[in-house]
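Notes follow once the structure below has been shown.
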Amino acid sequence: MDLFINKVSKATQVLISCSLVCFISALCYSMSKYLDYKIVAFILLLTVSIVAVLFDIIPVFITAILSALIWDYFFIPPHFTLQVGSTEDSILLLMYFVIALVNAALTYKIRQIEKIGRAKEEKANTVKLYDTLLNSLSHELRTPIATIIGATDNLQSNNHNLTDKNKEELITEISKASFRLNQQVENLLSMSRLESGFLQPKKDWCDIIEVVYDAVKRIEENNISQKITINVNPDIPFCKLDKAMMEQIIYNLVNNAVQYTKEDNRIDIIAHCHADVLELIVEDNGKGFPEDEISNVFNKFYRLRNTKTGGTGLGLSIVKGFTEALGGTVYLQNLKTGGARFTIHIPVQTSNLKNIKNE
């Protein structure tokens with residue numbers, strides 16, 4: 001409601017509220033033969049109450065004064081004059097005016113209290129997100145850093161007990177930790193780009209097959225146990241989009257599946273192009289997502305309840321942000337056979353040059 005109030009200028013609020021009172025008054029006047037003027041007062045008070053809920057206090061005060069004047073001039077006998085014929089009607093007019101103003105003031109006060117409450121809630125949520133980020137980063141950044149430091153110390157110690165195999169294992173650990181550290185930094189940088197609001201895709205012609213295989217190669221370099229299958233029509237045309245963003249979308253989706261499925265699970269990547277709409281599907285045969293958490297998985301820093309520690313909860317929010325930056329949409333659904341399916345639709349320009357080349 002506050003967002004609506006902030007978007008509409010005070011002058012516009014006054015114009016709308018006064019127009020509404022005039023319309024209701026005209027409607028009541030046309031039915032004055034059937035409505036007692038005291039009933040009209042209740043109708044006008046209801047109108048002022050509606051205005052008080054919708055608009056700021058100044059337009060409501062103006063509306064309350066206008067409605068009192070209209071009620072007096074057109075409905076309280078004698079008609080078409082601001083004079084009041086009886087003491088009872090004078091008291092009624094005074095009470096109407098007081099009630100209308102009190103109603104406006106109380107409604108404004110309630111709105112202010114709600115605004116303060118929302119501000120406190122937003123502040124609490126911000127602190128919670130900040131704590132979540134710190135806790136996640138303390139694990140996700142310190143763990144690979146500790147691994148790298150420990151492994152390099154062993155290599156630099158000139159320990160003669162280290163065999164060539166031990167040294168190779170330490171180098172592998174450094175490589176894995178560096179890869180993990182680099183991924184977290186990339187996620188943070190990507191989220192910063194999204195939060196800045198200045199993210200502009202650099203679209204160019206690219207081969208979707210190449211993009212998919214590049215993303216999968218990055219995943220497989222981390223020695224995963226899941227089996228990844230790629231099903232992309234070799235005749236899929238070139239698409240004009242941001243290659244780096246598209247690769248990051250695929251990488252984050254597949255990496256998320258790797259993190260939350262068992263070692264013997266399967267991950268499928270499917271890509272089609274239908275009438276200048278690129279459809280990308282990443283699905284697995286794991287446990288899927290809890291139904292009550294599906295609506296939250298794309299939120300920043302959100303991690304599923306009762307899952308293993310690790311992860312900053314940025315991967316899927318980056319998927320959503322990059323997909324929307326490309327003008328597309330992303331959906332998540334659980335499969336009846338088990339597992340989860342992410343479906344992405346992105347409108348793209350296509351080129352048949354690839355097909356001509358293949359011919």
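Chain lettering (A, B, ...) mirrors the order of the structure tokens, residue numbering begins at 1 for each chain separately, and ligand numbering begins at 1 in order of display.
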| message | Using only C-alpha atoms, which protein or nucleic acid residues come within 10 Å of Lys38 (chain A)? Drop anything in the same chain fewer than 4 positions from it, and give the result as a PyMOL selection string. | response | chain A and resi 42-43+71+75-76+89+92-93
| request: Enumerate, as a ChimeraX atom specification, the complete set of residues in region 159-260 of chain A that a backbone-based DSSP assignment places in strand (DSSP E or B). | output: /A:204-206,227-232,238-241
| task | For Asn256 (chain A), work out the shell of residues within 12 Å, counting only C-alpha atoms and skipping chain neighbours fewer than 2 positions away, then give it as a ChimeraX atom specification. | result | /A:219,226,248-254,258-262,267,282-284,286,288-289,297-298,303-304,310-319,340-342
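Take CA of Gln349 (chain A) and CA of Glu247 (chain A): the distance between them is 17.4 Å.
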| said: With distances taken over only C-alpha atoms, which residue among A:Ala119, A:Leu188, A:Ala151, A:Val127 lies nearest Ile171 (chain A)? | reply: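 Result for the nearest residue to Ile171 (chain A): A:Ala151.
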| said: Using Å and a single decimal, report how far CA of Thr329 (chain A) sits from CA of Val212 (chain A). | reply: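 That distance, rounded to one decimal, is 18.3 Å.
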| query | Which distance in Å separates CA of Glu122 (chain A) and CA of Lys300 (chain A), to one decimal? | reply |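 If I compute the distance from CA of Glu122 (chain A) to CA of Lys300 (chain A), I get 14.6 Å.
Comparing A:Met245, A:Lys176, A:Val53, A:Lys287 by their smallest distance to Leu335 (chain A), the closest is A:Lys287 (using only C-alpha atoms).
Nearest residue to Leu45 (chain A) among A:Ala26, A:Ile16, A:Ala100, A:Val60 is A:Ala100, counting only C-alpha atoms.
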| said: Which of region 156-332 of chain A end up as helix (DSSP H, G or I) when DSSP is run on this backbone - answer as number ranges by chain? | reply: A: 156, 164-196, 208-220, 243-259, 291-296, 315-325
| field | Residue with smallest distance to Asp276 (chain A) - pool A:Asn154, A:Thr350, A:Arg218, A:Ile228, counting only C-alpha atoms | value |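 Smallest distance to Asp276 (chain A) is found for A:Thr350.
Minimum atom-to-atom distances from A:Ser178, A:Thr63, A:Thr87, A:Ser351 to Cys206 (chain A) were compared using only C-alpha atoms, and the lowest value belongs to A:Ser351.
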| message | as a PyMOL selection string, please: the residues near Ile346 (chain A) (cut-off 10 Å, only C-alpha atoms, same-chain neighbours under 6 positions excluded). | response | chain A and resi 241+273+276-280+323-330
Keeping only C-alpha atoms, take the residues you just selected and write them out as a CSV table (one decimal), in the first residue's frame.
chain,number,residue,atom,x,y,z
A,241,LEU,CA,23.1,-14.4,-26.4
A,273,CYS,CA,15.3,-24.4,-29.9
A,276,ASP,CA,13.4,-18.5,-31.6
A,277,VAL,CA,13.0,-19.7,-28.0
A,278,LEU,CA,15.9,-21.6,-26.5
A,279,GLU,CA,14.8,-24.3,-24.1
A,280,LEU,CA,17.4,-25.7,-21.6
A,323,THR,CA,18.2,-15.8,-17.0
A,324,GLU,CA,16.0,-12.8,-16.4
A,325,ALA,CA,18.8,-10.5,-17.6
A,326,LEU,CA,18.7,-12.5,-20.9
A,327,GLY,CA,14.9,-11.9,-21.0
A,328,GLY,CA,14.1,-15.5,-20.1
A,329,THR,CA,12.3,-17.4,-17.3
A,330,VAL,CA,13.3,-20.4,-15.1
| Residue contacts of Thr147 (chain A) (9 Å, only C-alpha atoms) excluding same-chain residues fewer than 6 positions away, as a ChimeraX atom specification | /A:173-174,177
